[in-house]
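Enquirer: If you scroll down you'll find the structure; I have some questions about it.
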Amino acid sequence: MANVTKLKRDKMIKFLEKLKNTHTDDSSIRAFNEIENALTEKKFGLVFEEHTEEVDERLLNEIPIFCADESRKICKNKNLPYNFIIEGDNLQALYLLEKTHRGRIDCIYIDPPYNTGARDWKYNNDYVDSNDNYRHSKWLSMMKTRLQIAKRLLNPNNSVLICTIDEKEYLHLGCLLEEMFPEGNIQMISSVINRAGTGRKYEFSRTDEYLFFIRFGKATISMEQLEGEKTPVTWDTLRRSGPSNTRDRTKRQFYPVFVNDSTKKIDSVGDPIPLEMNINDVKAPKGCTAVFPIRDNGIEMMWGCVKEEFINRFEKGYIRVGNYTPNKPQKYVISYLTGGIINDIATGKAFIENYNEDGSVNAFYHGNREIPPTTNWNKPLHDAQWYGSNLIKPILGPNRFSYPKSLYAVKDCLYYVTKNKKSAIILDFFAGSGTTMHAVNLLNCEDNGNRQCIMVTNNEVSESVAKKLKEEGYKPGDEKWEEHGIAKNVTWPRTYCTINGIDINNKPLKGTYETCDRRLSEGFNSNVKYFKCDWTPRKPQDYLLSNILCLHVKEMIELEHAIEIDNEKNVIIFNKDDFNKYILNTEKYRKIDNLWVNQNIIFSSDELKLLNKKDFKYIPREYFGQELKEAAE
């Protein structure tokens, strides 16, 4: 079948080549090449207009850096790794995270703006509303840029990307994910988050949203624990039901099963009969009925196993006779246990309680057993109103954040992909209210895990708050303006309060978590550092770039290793003065566990011996090496 579009495209390109021969000036050739590139660019998949962002433009002349906010720090246990809250544009933060965590992230969980058209997200410092003709392309461009870096951050051999979305962009997002992650195993989950539904006149009431799980390498989805009373195993009919499972497709799976009409037990099993033989010609033992796999409409099918396997399962109690159906072509229902259930009995996941009179087993699954999670979630604990909005109100007070995720929905997502990775590094670069770190802390508490969470969120204020602050004479950057932003007004307070078990008024939280016996007032054994994204010029006029970048190496090392540079156990040597202060001081030298050293310092052999005894590491050039090279330093 001819590709009409390709034929037209080839014809236009051929015409362009003719024009190039007659219009040879540089401007014409450049124009022709641009037209040809447009004609030959991707023609299948998701096509959209890509947009630059303010961060991209600032990167031309400035270098992103992290600055620690020492007033916002939690240390509950010095032996535990640090979690991080990063305030700033997530694209700016992702550029820096790529220097410290490339290929190291075990799980990325993101809840990006849903692009509903309700002026609920900003792009390049302006709200995008439903009247914006480029609303969808801006959203896709925003997502693609961040997912490209996310791909480089994830461990290619074993990691998972989880992305939530609703019906406004799930089709576009699905296409984008398919295109960007061809090596990934992608599944979409439908999750009920509002059982009452969102009322919409003359439309279906929306109750759910969607979650994309993209698995890489060896990553798997863990089983979920099903609690309750023991449940009987499922018996399936032995007669095959598929349209291709008819008698004429087999020579070994169409045979008579002789059932004793008095005892309703299997008496014996006959040999397979040839296709040309009529079942009425089969002679049954006295007092028995010959049972063949025949559908109610008279079509002769096949049994689910060959005669030898039938006998093997029958002797073990895995086949039984069901109801007598004298008015149907198949006079008795024959049921059996499938291979999966037999394997569960063999491995102890299910157990045989006793045997029936006919020799068949009474088998059950244990009260607490593991089952694969399904692709359709309808769990009361995932309700965003009850376990999102209502959960954070007693912590932060009302109306601080709209539509937070259910704590337990996020915890379940993380459980499925990090159950067996209790030291996983989890990243959320659309952090919002901070549900992800709350969920990580709860999951660690439940299974004694040591997972680390990195959250990135901007410090935008809502449109209504921005309007009020402007009326009061404040502007972005002012202290009062910044204190009303998401990071400082929601993400940090929630994290601080839930770890310490208090509300914003320092009163103990009430109640217990729904999935364990832990009281909210107990808080969590967790450490957190707070970084803010900032910028420094690429070509400073009155100082060396290396001098200013040295001031921000500390944050990069802390982030990469989830520690605190305390100048006691964890030390950085920037110059010979630092060497004399920490290495030549016997008492301080003895306490050092981790040591990083500036690569530009020249040491004597004796000095190197002291450093080697502490298994020192050089400050990685990956942090700012390229920027210094471009500045000729």
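The chains in the structure tokens are called A, B, ... from first to last as shown; in each chain the residues are counted from 1, and the ligands are counted from 1 in the order shown.
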List every residue of range 120-206 of chain A that DSSP, applied to the backbone of this structure, assigns to strand (DSSP E or B), and report them as JSON, numbers by chain.
Expert: {"A": [120, 121, 122, 123, 126, 127, 128, 129, 154, 158, 159, 160, 161, 162, 163, 164, 165, 185, 186, 187, 188, 189, 190, 191, 192, 198, 206]}
Enquirer: Report as an MDAnalysis selection string all protein, DNA and RNA residues lying within 9 Å of Asn155 in chain A, evaluated on only C-alpha atoms, omitting residues in the same chain fewer than 5 positions from it.
Expert: chainID A and resid 102:107 160 216:217
Enquirer: Hey, which of A:Asp26, A:Glu630, A:Glu463, A:Asp534 ends up closest to Pro64 in chain A? Count only C-alpha atoms.
Expert: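 Using only C-alpha atoms, the shortest distance to Pro64 in chain A belongs to A:Asp534.
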Enquirer: Could you build a table of the residues in range 201-244 of chain A lying no more than 8 Å from range 298-322 of chain A, giving for each the nearest pair of atoms and their separation in Å rounded to one decimal place, using only C-alpha atoms, ordered by chain and ascending residue number, as a Markdown table?
Expert:
| residue | atom | partner | partner_atom | distance |
| --- | --- | --- | --- | --- |
| A:Leu238 | CA | A:Gly304 | CA | 5.2 |
| A:Arg239 | CA | A:Trp303 | CA | 4.7 |
| A:Arg240 | CA | A:Gly304 | CA | 5.6 |
| A:Ser241 | CA | A:Met301 | CA | 7.4 |
Enquirer: How far is it from CA of Lys151 in chain A to CA of Cys550 in chain A, in Å with one decimal?
Expert: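 The value is 28.5 Å.
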Enquirer: Any chance you could list, as a ChimeraX atom specification, the residues in range 436-544 of chain A that come up alpha helix (DSSP H) when DSSP is run on the backbone?
Expert: /A:436-447,463-471,479-483,486,492-500
Enquirer: Go through A:Val490, A:Ile395, A:Ile592, A:Ala93 and flag the residue nearest Ile502 in chain A, using only C-alpha atoms for the distances.
Expert: A:Ile395
Enquirer: Report the distance between CA of Tyr355 in chain A and CA of Leu337 in chain A in Å, rounded to one decimal place.
Expert: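 Those two atoms sit 14.1 Å apart.
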Enquirer: Give me the residues within 8 Å of range 227-231 of chain A as a compact mmCIF listing (two decimals) with N, CA, C and O atoms, in the first residue's frame, counting only C-alpha atoms and dropping any in the same chain fewer than 5 places off.
Expert:
# COMPACT_ATOMS: atom_id res chain seq x y z
N PHE A 364 -7.24 -24.00 51.24
CA PHE A 364 -7.51 -22.60 51.55
C PHE A 364 -6.22 -21.78 51.47
O PHE A 364 -5.12 -22.31 51.66
N TYR A 365 -6.42 -20.50 51.20
CA TYR A 365 -5.32 -19.56 51.35
C TYR A 365 -5.33 -19.08 52.79
O TYR A 365 -6.38 -18.92 53.41
N HIS A 366 -4.14 -18.81 53.30
CA HIS A 366 -4.02 -18.31 54.66
C HIS A 366 -4.72 -16.96 54.79
O HIS A 366 -4.89 -16.24 53.81
N GLY A 367 -5.08 -16.61 56.01
CA GLY A 367 -5.78 -15.35 56.23
C GLY A 367 -4.99 -14.16 55.72
O GLY A 367 -5.53 -13.25 55.10
N ASN A 368 -3.67 -14.16 55.97
CA ASN A 368 -2.81 -13.10 55.46
C ASN A 368 -1.99 -13.67 54.31
O ASN A 368 -1.10 -14.50 54.53
N ARG A 369 -2.26 -13.22 53.12
CA ARG A 369 -1.54 -13.75 51.96
C ARG A 369 -1.22 -12.62 51.00
O ARG A 369 -1.77 -11.53 51.08
Enquirer: Give me the residues near Lys510 in chain A as a list in words, where near means some atom within 9 Å (using only C-alpha atoms) and where sequence neighbours in that chain fewer than 3 positions away do not count.
Expert: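 My reading of the contact set: Pro394, Gly501, Ile502, Arg519, Leu520 and Ser521 of chain A.
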Enquirer: Would you mind exporting the chosen residues as a tab-separated table (two decimals), in the first residue's frame, restricted to all heavy atoms?
Expert:
chain	number	residue	atom	x	y	z
A	394	PRO	N	-5.56	19.38	60.44
A	394	PRO	CA	-5.15	19.51	61.85
A	394	PRO	C	-3.67	19.84	62.02
A	394	PRO	O	-3.27	20.31	63.09
A	394	PRO	CB	-5.46	18.11	62.43
A	394	PRO	CG	-6.41	17.48	61.47
A	394	PRO	CD	-6.05	18.03	60.13
A	501	GLY	N	5.73	15.35	65.29
A	501	GLY	CA	4.46	14.94	65.91
A	501	GLY	C	3.67	16.08	66.50
A	501	GLY	O	2.92	15.89	67.47
A	502	ILE	N	3.81	17.28	65.91
A	502	ILE	CA	3.12	18.46	66.43
A	502	ILE	C	2.42	19.20	65.29
A	502	ILE	O	2.69	18.96	64.12
A	502	ILE	CB	4.09	19.43	67.13
A	502	ILE	CG1	5.20	19.85	66.15
A	502	ILE	CG2	4.67	18.80	68.39
A	502	ILE	CD1	6.17	20.88	66.68
A	519	ARG	N	1.08	6.46	66.72
A	519	ARG	CA	0.36	7.70	66.95
A	519	ARG	C	1.03	8.83	66.17
A	519	ARG	O	2.26	8.89	66.06
A	519	ARG	CB	0.34	8.05	68.44
A	519	ARG	CG	-0.40	7.04	69.30
A	519	ARG	CD	-0.58	7.54	70.73
A	519	ARG	NE	0.70	7.87	71.34
A	519	ARG	CZ	1.47	6.99	71.98
A	519	ARG	NH1	1.08	5.71	72.06
A	519	ARG	NH2	2.61	7.38	72.52
A	520	LEU	N	0.22	9.75	65.65
A	520	LEU	CA	0.79	10.89	64.92
A	520	LEU	C	1.71	11.70	65.81
A	520	LEU	O	2.70	12.28	65.33
A	520	LEU	CB	-0.33	11.79	64.38
A	520	LEU	CG	-0.92	11.41	63.01
A	520	LEU	CD1	-1.78	10.16	63.10
A	520	LEU	CD2	-1.74	12.57	62.44
A	521	SER	N	1.42	11.75	67.09
A	521	SER	CA	2.24	12.55	68.02
A	521	SER	C	3.63	11.97	68.24
A	521	SER	O	4.52	12.67	68.75
A	521	SER	CB	1.53	12.67	69.37
A	521	SER	OG	1.31	11.39	69.94
Enquirer: For Asn500 in chain A, which of A:His51, A:Lys331, A:His172, A:His438 is the closest residue, counting only C-alpha atoms?
Expert: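 Checking each of A:His51, A:Lys331, A:His172, A:His438 against Asn500 in chain A, counting only C-alpha atoms, the winner is A:His438.
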Enquirer: Quick one: everything within 8 Å of Gly88 in chain A, counting only C-alpha atoms, minus sequence neighbours fewer than 3 positions away in the same chain. Send it as a PDB file with all heavy atoms, in the first residue's frame.
Expert:
ATOM      1  N   GLN A  92      15.813  23.823  37.312  1.00  0.00           N
ATOM      2  CA  GLN A  92      17.094  24.276  37.833  1.00  0.00           C
ATOM      3  C   GLN A  92      17.666  23.242  38.800  1.00  0.00           C
ATOM      4  O   GLN A  92      18.858  22.896  38.740  1.00  0.00           O
ATOM      5  CB  GLN A  92      16.913  25.620  38.535  1.00  0.00           C
ATOM      6  CG  GLN A  92      18.187  26.227  39.086  1.00  0.00           C
ATOM      7  CD  GLN A  92      17.929  27.522  39.838  1.00  0.00           C
ATOM      8  OE1 GLN A  92      16.778  27.936  39.995  1.00  0.00           O
ATOM      9  NE2 GLN A  92      18.968  28.166  40.303  1.00  0.00           N
ATOM     10  N   ALA A  93      16.819  22.722  39.690  1.00  0.00           N
ATOM     11  CA  ALA A  93      17.271  21.714  40.654  1.00  0.00           C
ATOM     12  C   ALA A  93      17.686  20.424  39.966  1.00  0.00           C
ATOM     13  O   ALA A  93      18.667  19.777  40.360  1.00  0.00           O
ATOM     14  CB  ALA A  93      16.162  21.439  41.671  1.00  0.00           C
ATOM     15  N   VAL A 456      11.551  18.380  45.564  1.00  0.00           N
ATOM     16  CA  VAL A 456      11.797  19.687  44.951  1.00  0.00           C
ATOM     17  C   VAL A 456      10.451  20.372  44.750  1.00  0.00           C
ATOM     18  O   VAL A 456       9.516  19.772  44.210  1.00  0.00           O
ATOM     19  CB  VAL A 456      12.509  19.555  43.590  1.00  0.00           C
ATOM     20  CG1 VAL A 456      12.817  20.941  43.015  1.00  0.00           C
ATOM     21  CG2 VAL A 456      13.788  18.730  43.716  1.00  0.00           C
ATOM     22  N   THR A 457      10.354  21.607  45.192  1.00  0.00           N
ATOM     23  CA  THR A 457       9.133  22.374  44.972  1.00  0.00           C
ATOM     24  C   THR A 457       9.493  23.844  44.834  1.00  0.00           C
ATOM     25  O   THR A 457      10.462  24.321  45.439  1.00  0.00           O
ATOM     26  CB  THR A 457       8.136  22.199  46.137  1.00  0.00           C
ATOM     27  OG1 THR A 457       6.945  22.935  45.855  1.00  0.00           O
ATOM     28  CG2 THR A 457       8.709  22.708  47.452  1.00  0.00           C
ATOM     29  N   ASN A 458       8.732  24.550  44.029  1.00  0.00           N
ATOM     30  CA  ASN A 458       8.948  25.997  43.939  1.00  0.00           C
ATOM     31  C   ASN A 458       8.329  26.675  45.159  1.00  0.00           C
ATOM     32  O   ASN A 458       7.765  26.021  46.030  1.00  0.00           O
ATOM     33  CB  ASN A 458       8.378  26.557  42.637  1.00  0.00           C
ATOM     34  CG  ASN A 458       6.889  26.284  42.489  1.00  0.00           C
ATOM     35  OD1 ASN A 458       6.129  26.372  43.452  1.00  0.00           O
ATOM     36  ND2 ASN A 458       6.456  25.939  41.285  1.00  0.00           N
ATOM     37  N   ASN A 459       8.457  27.985  45.205  1.00  0.00           N
ATOM     38  CA  ASN A 459       7.893  28.718  46.339  1.00  0.00           C
ATOM     39  C   ASN A 459       6.851  29.727  45.854  1.00  0.00           C
ATOM     40  O   ASN A 459       6.753  30.839  46.375  1.00  0.00           O
ATOM     41  CB  ASN A 459       8.999  29.430  47.125  1.00  0.00           C
ATOM     42  CG  ASN A 459       8.546  29.815  48.528  1.00  0.00           C
ATOM     43  OD1 ASN A 459       7.855  29.044  49.194  1.00  0.00           O
ATOM     44  ND2 ASN A 459       8.914  31.009  48.981  1.00  0.00           N
ATOM     45  N   LYS A 532      18.058  25.857  48.987  1.00  0.00           N
ATOM     46  CA  LYS A 532      17.376  26.775  48.080  1.00  0.00           C
ATOM     47  C   LYS A 532      18.208  26.934  46.818  1.00  0.00           C
ATOM     48  O   LYS A 532      19.432  27.072  46.885  1.00  0.00           O
ATOM     49  CB  LYS A 532      17.153  28.136  48.744  1.00  0.00           C
ATOM     50  CG  LYS A 532      16.352  29.101  47.879  1.00  0.00           C
ATOM     51  CD  LYS A 532      16.016  30.375  48.629  1.00  0.00           C
ATOM     52  CE  LYS A 532      15.197  31.314  47.732  1.00  0.00           C
ATOM     53  NZ  LYS A 532      14.820  32.560  48.449  1.00  0.00           N
ATOM     54  N   CYS A 533      17.557  26.919  45.658  1.00  0.00           N
ATOM     55  CA  CYS A 533      18.249  27.121  44.387  1.00  0.00           C
ATOM     56  C   CYS A 533      18.599  28.600  44.229  1.00  0.00           C
ATOM     57  O   CYS A 533      17.804  29.485  44.560  1.00  0.00           O
ATOM     58  CB  CYS A 533      17.368  26.694  43.214  1.00  0.00           C
ATOM     59  SG  CYS A 533      17.062  24.927  43.130  1.00  0.00           S
ATOM     60  N   ASP A 534      19.792  28.833  43.706  1.00  0.00           N
ATOM     61  CA  ASP A 534      20.213  30.199  43.444  1.00  0.00           C
ATOM     62  C   ASP A 534      21.076  30.205  42.187  1.00  0.00           C
ATOM     63  O   ASP A 534      21.284  29.165  41.566  1.00  0.00           O
ATOM     64  CB  ASP A 534      20.978  30.759  44.648  1.00  0.00           C
ATOM     65  CG  ASP A 534      20.906  32.279  44.737  1.00  0.00           C
ATOM     66  OD1 ASP A 534      20.522  32.910  43.726  1.00  0.00           O
ATOM     67  OD2 ASP A 534      21.228  32.838  45.792  1.00  0.00           O
TER      68      ASP A 534
END
Enquirer: Taking only C-alpha atoms into account, produce a table as a Markdown table in which each residue of range 13-119 of chain A with an atom at most 10 Å from an atom of range 472-487 of chain A appears once, together with its shortest atom pair and the distance in Å to one decimal, ordered by chain and rising number.
Expert:
| residue | atom | partner | partner_atom | distance |
| --- | --- | --- | --- | --- |
| A:Ile85 | CA | A:Ala487 | CA | 8.4 |
| A:Ile86 | CA | A:Ala487 | CA | 8.4 |
| A:Glu87 | CA | A:Ala487 | CA | 6.1 |
| A:Gly88 | CA | A:Ala487 | CA | 8.5 |
Enquirer: Report the closest atom pair, with its distance in Å rounded to one decimal, for each residue of range 142-217 of chain A that has an atom no farther than 12 Å from range 400-413 of chain A; count only C-alpha atoms, sort by chain and then rising residue number, and write it as CSV.
Expert:
residue,atom,partner,partner_atom,distance
A:Val160,CA,A:Cys413,CA,10.3
A:Leu161,CA,A:Cys413,CA,10.5
A:Ile162,CA,A:Cys413,CA,7.9
A:Cys163,CA,A:Cys413,CA,10.3
A:Thr164,CA,A:Lys405,CA,10.1
A:Ile165,CA,A:Lys405,CA,11.8
A:Ile189,CA,A:Cys413,CA,10.6
A:Ser191,CA,A:Ala409,CA,9.0
A:Val192,CA,A:Ala409,CA,10.0
A:Ile193,CA,A:Ser406,CA,8.0
A:Asn194,CA,A:Ser406,CA,10.3
A:Glu209,CA,A:Lys405,CA,11.1
A:Tyr210,CA,A:Ala409,CA,11.9
A:Leu211,CA,A:Cys413,CA,9.3
A:Phe212,CA,A:Cys413,CA,10.6
A:Phe213,CA,A:Cys413,CA,9.1
Enquirer: Mind writing the picked residues with all heavy atoms as a CSV table (one decimal), in the first residue's frame?
Expert:
chain,number,residue,atom,x,y,z
A,160,VAL,N,12.0,2.7,38.9
A,160,VAL,CA,10.6,2.9,38.5
A,160,VAL,C,10.3,4.4,38.5
A,160,VAL,O,10.7,5.2,39.4
A,160,VAL,CB,9.6,2.2,39.4
A,160,VAL,CG1,8.2,2.4,39.0
A,160,VAL,CG2,9.9,0.7,39.5
A,161,LEU,N,9.6,4.9,37.4
A,161,LEU,CA,9.1,6.2,37.4
A,161,LEU,C,7.6,6.1,37.5
A,161,LEU,O,6.9,5.4,36.8
A,161,LEU,CB,9.4,6.9,36.0
A,161,LEU,CG,8.7,8.2,35.6
A,161,LEU,CD1,9.0,9.3,36.6
A,161,LEU,CD2,9.0,8.6,34.2
A,162,ILE,N,7.0,6.9,38.5
A,162,ILE,CA,5.5,6.9,38.7
A,162,ILE,C,5.1,8.3,38.4
A,162,ILE,O,5.6,9.3,39.0
A,162,ILE,CB,5.2,6.5,40.1
A,162,ILE,CG1,5.8,5.2,40.5
A,162,ILE,CG2,3.7,6.5,40.3
A,162,ILE,CD1,5.7,4.8,42.0
A,163,CYS,N,4.1,8.5,37.6
A,163,CYS,CA,3.5,9.8,37.2
A,163,CYS,C,2.0,9.8,37.3
A,163,CYS,O,1.4,9.0,36.6
A,163,CYS,CB,4.0,10.2,35.9
A,163,CYS,SG,3.5,11.9,35.4
A,164,THR,N,1.4,10.7,38.1
A,164,THR,CA,0.0,10.7,38.2
A,164,THR,C,-0.6,11.8,37.2
A,164,THR,O,0.1,12.7,36.9
A,164,THR,CB,-0.5,11.1,39.6
A,164,THR,OG1,-0.1,12.4,39.9
A,164,THR,CG2,0.1,10.1,40.6
A,165,ILE,N,-1.8,11.6,36.8
A,165,ILE,CA,-2.4,12.5,35.9
A,165,ILE,C,-3.9,12.3,35.9
A,165,ILE,O,-4.4,11.3,36.4
A,165,ILE,CB,-1.8,12.3,34.4
A,165,ILE,CG1,-2.0,13.5,33.5
A,165,ILE,CG2,-2.4,11.0,33.8
A,165,ILE,CD1,-1.3,14.8,34.0
A,189,ILE,N,-2.6,2.8,35.7
A,189,ILE,CA,-3.5,2.4,36.8
A,189,ILE,C,-4.6,3.4,36.9
A,189,ILE,O,-4.4,4.6,36.7
A,189,ILE,CB,-2.8,2.3,38.1
A,189,ILE,CG1,-1.5,1.5,38.1
A,189,ILE,CG2,-3.7,1.8,39.2
A,189,ILE,CD1,-1.7,0.1,37.7
A,191,SER,N,-7.3,4.9,39.5
A,191,SER,CA,-7.4,4.9,41.0
A,191,SER,C,-8.5,5.8,41.4
A,191,SER,O,-8.6,7.0,41.0
A,191,SER,CB,-6.1,5.4,41.6
A,191,SER,OG,-6.2,5.5,43.0
A,192,VAL,N,-9.5,5.3,42.2
A,192,VAL,CA,-10.6,6.1,42.7
A,192,VAL,C,-10.0,7.0,43.8
A,192,VAL,O,-9.5,6.5,44.8
A,192,VAL,CB,-11.7,5.2,43.2
A,192,VAL,CG1,-12.8,6.1,43.9
A,192,VAL,CG2,-12.3,4.4,42.1
A,193,ILE,N,-10.1,8.3,43.7
A,193,ILE,CA,-9.6,9.2,44.7
A,193,ILE,C,-10.8,10.1,45.3
A,193,ILE,O,-10.5,10.8,46.3
A,193,ILE,CB,-8.6,10.2,44.1
A,193,ILE,CG1,-9.2,11.0,43.0
A,193,ILE,CG2,-7.4,9.4,43.6
A,193,ILE,CD1,-8.3,12.2,42.6
A,194,ASN,N,-12.0,10.0,44.7
A,194,ASN,CA,-13.1,10.7,45.2
A,194,ASN,C,-14.4,9.9,44.9
A,194,ASN,O,-14.9,10.0,43.9
A,194,ASN,CB,-13.2,12.1,44.5
A,194,ASN,CG,-14.3,12.9,45.0
A,194,ASN,OD1,-15.1,12.5,45.9
A,194,ASN,ND2,-14.5,14.1,44.5
A,209,GLU,N,-8.4,9.1,38.9
A,209,GLU,CA,-7.3,9.7,38.2
A,209,GLU,C,-6.4,8.5,37.8
A,209,GLU,O,-6.8,7.3,38.0
A,209,GLU,CB,-6.5,10.6,39.1
A,209,GLU,CG,-5.8,10.0,40.2
A,209,GLU,CD,-4.9,11.0,41.0
A,209,GLU,OE1,-5.2,12.3,40.8
A,209,GLU,OE2,-4.1,10.6,41.8
A,210,TYR,N,-5.3,8.8,37.1
A,210,TYR,CA,-4.5,7.7,36.5
A,210,TYR,C,-3.1,7.8,37.0
A,210,TYR,O,-2.6,8.9,37.2
A,210,TYR,CB,-4.6,7.8,35.0
A,210,TYR,CG,-6.0,7.9,34.5
A,210,TYR,CD1,-6.6,9.1,34.1
A,210,TYR,CD2,-6.9,6.8,34.6
A,210,TYR,CE1,-7.9,9.2,33.7
A,210,TYR,CE2,-8.2,6.9,34.2
A,210,TYR,CZ,-8.7,8.1,33.8
A,210,TYR,OH,-10.0,8.2,33.4
A,211,LEU,N,-2.4,6.7,37.0
A,211,LEU,CA,-1.0,6.6,37.4
A,211,LEU,C,-0.3,5.8,36.4
A,211,LEU,O,-0.7,4.6,36.1
A,211,LEU,CB,-0.9,6.0,38.8
A,211,LEU,CG,-1.5,6.6,40.0
A,211,LEU,CD1,-2.9,6.0,40.2
A,211,LEU,CD2,-0.7,6.4,41.2
A,212,PHE,N,0.8,6.3,35.8
A,212,PHE,CA,1.6,5.6,34.9
A,212,PHE,C,2.8,5.0,35.8
A,212,PHE,O,3.5,5.8,36.4
A,212,PHE,CB,2.2,6.5,33.8
A,212,PHE,CG,1.2,6.8,32.7
A,212,PHE,CD1,0.5,7.9,32.7
A,212,PHE,CD2,0.9,5.8,31.7
A,212,PHE,CE1,-0.5,8.2,31.7
A,212,PHE,CE2,0.0,6.1,30.7
A,212,PHE,CZ,-0.7,7.3,30.7
A,213,PHE,N,3.0,3.7,35.7
A,213,PHE,CA,4.2,3.1,36.3
A,213,PHE,C,5.1,2.7,35.1
A,213,PHE,O,4.7,1.9,34.2
A,213,PHE,CB,3.8,1.8,37.1
A,213,PHE,CG,3.3,2.1,38.4
A,213,PHE,CD1,2.0,2.7,38.6
A,213,PHE,CD2,4.0,1.8,39.6
A,213,PHE,CE1,1.5,3.0,39.9
A,213,PHE,CE2,3.5,2.1,40.8
A,213,PHE,CZ,2.3,2.7,41.0
Enquirer: When distances are computed from only C-alpha atoms, which of A:Glu568, A:Lys76, A:Lys470, A:Lys99 shows the smallest separation from Glu587 in chain A?
Expert: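 Among A:Glu568, A:Lys76, A:Lys470, A:Lys99, it is A:Glu568 that comes nearest to Glu587 in chain A.
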Enquirer: Under the rule that only C-alpha atoms are counted, which of A:Thr24, A:Asn450, A:Asn570, A:Asn158 is the nearest residue to Leu595 in chain A?
Expert: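 The closest residue to Leu595 in chain A is A:Asn570.
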Enquirer: I'd like the interatomic distance between CA of Leu16 in chain A and CA of Glu50 in chain A, to a tenth of an Å.
Expert: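 Pair CA of Leu16 in chain A / CA of Glu50 in chain A returns 25.9 Å.
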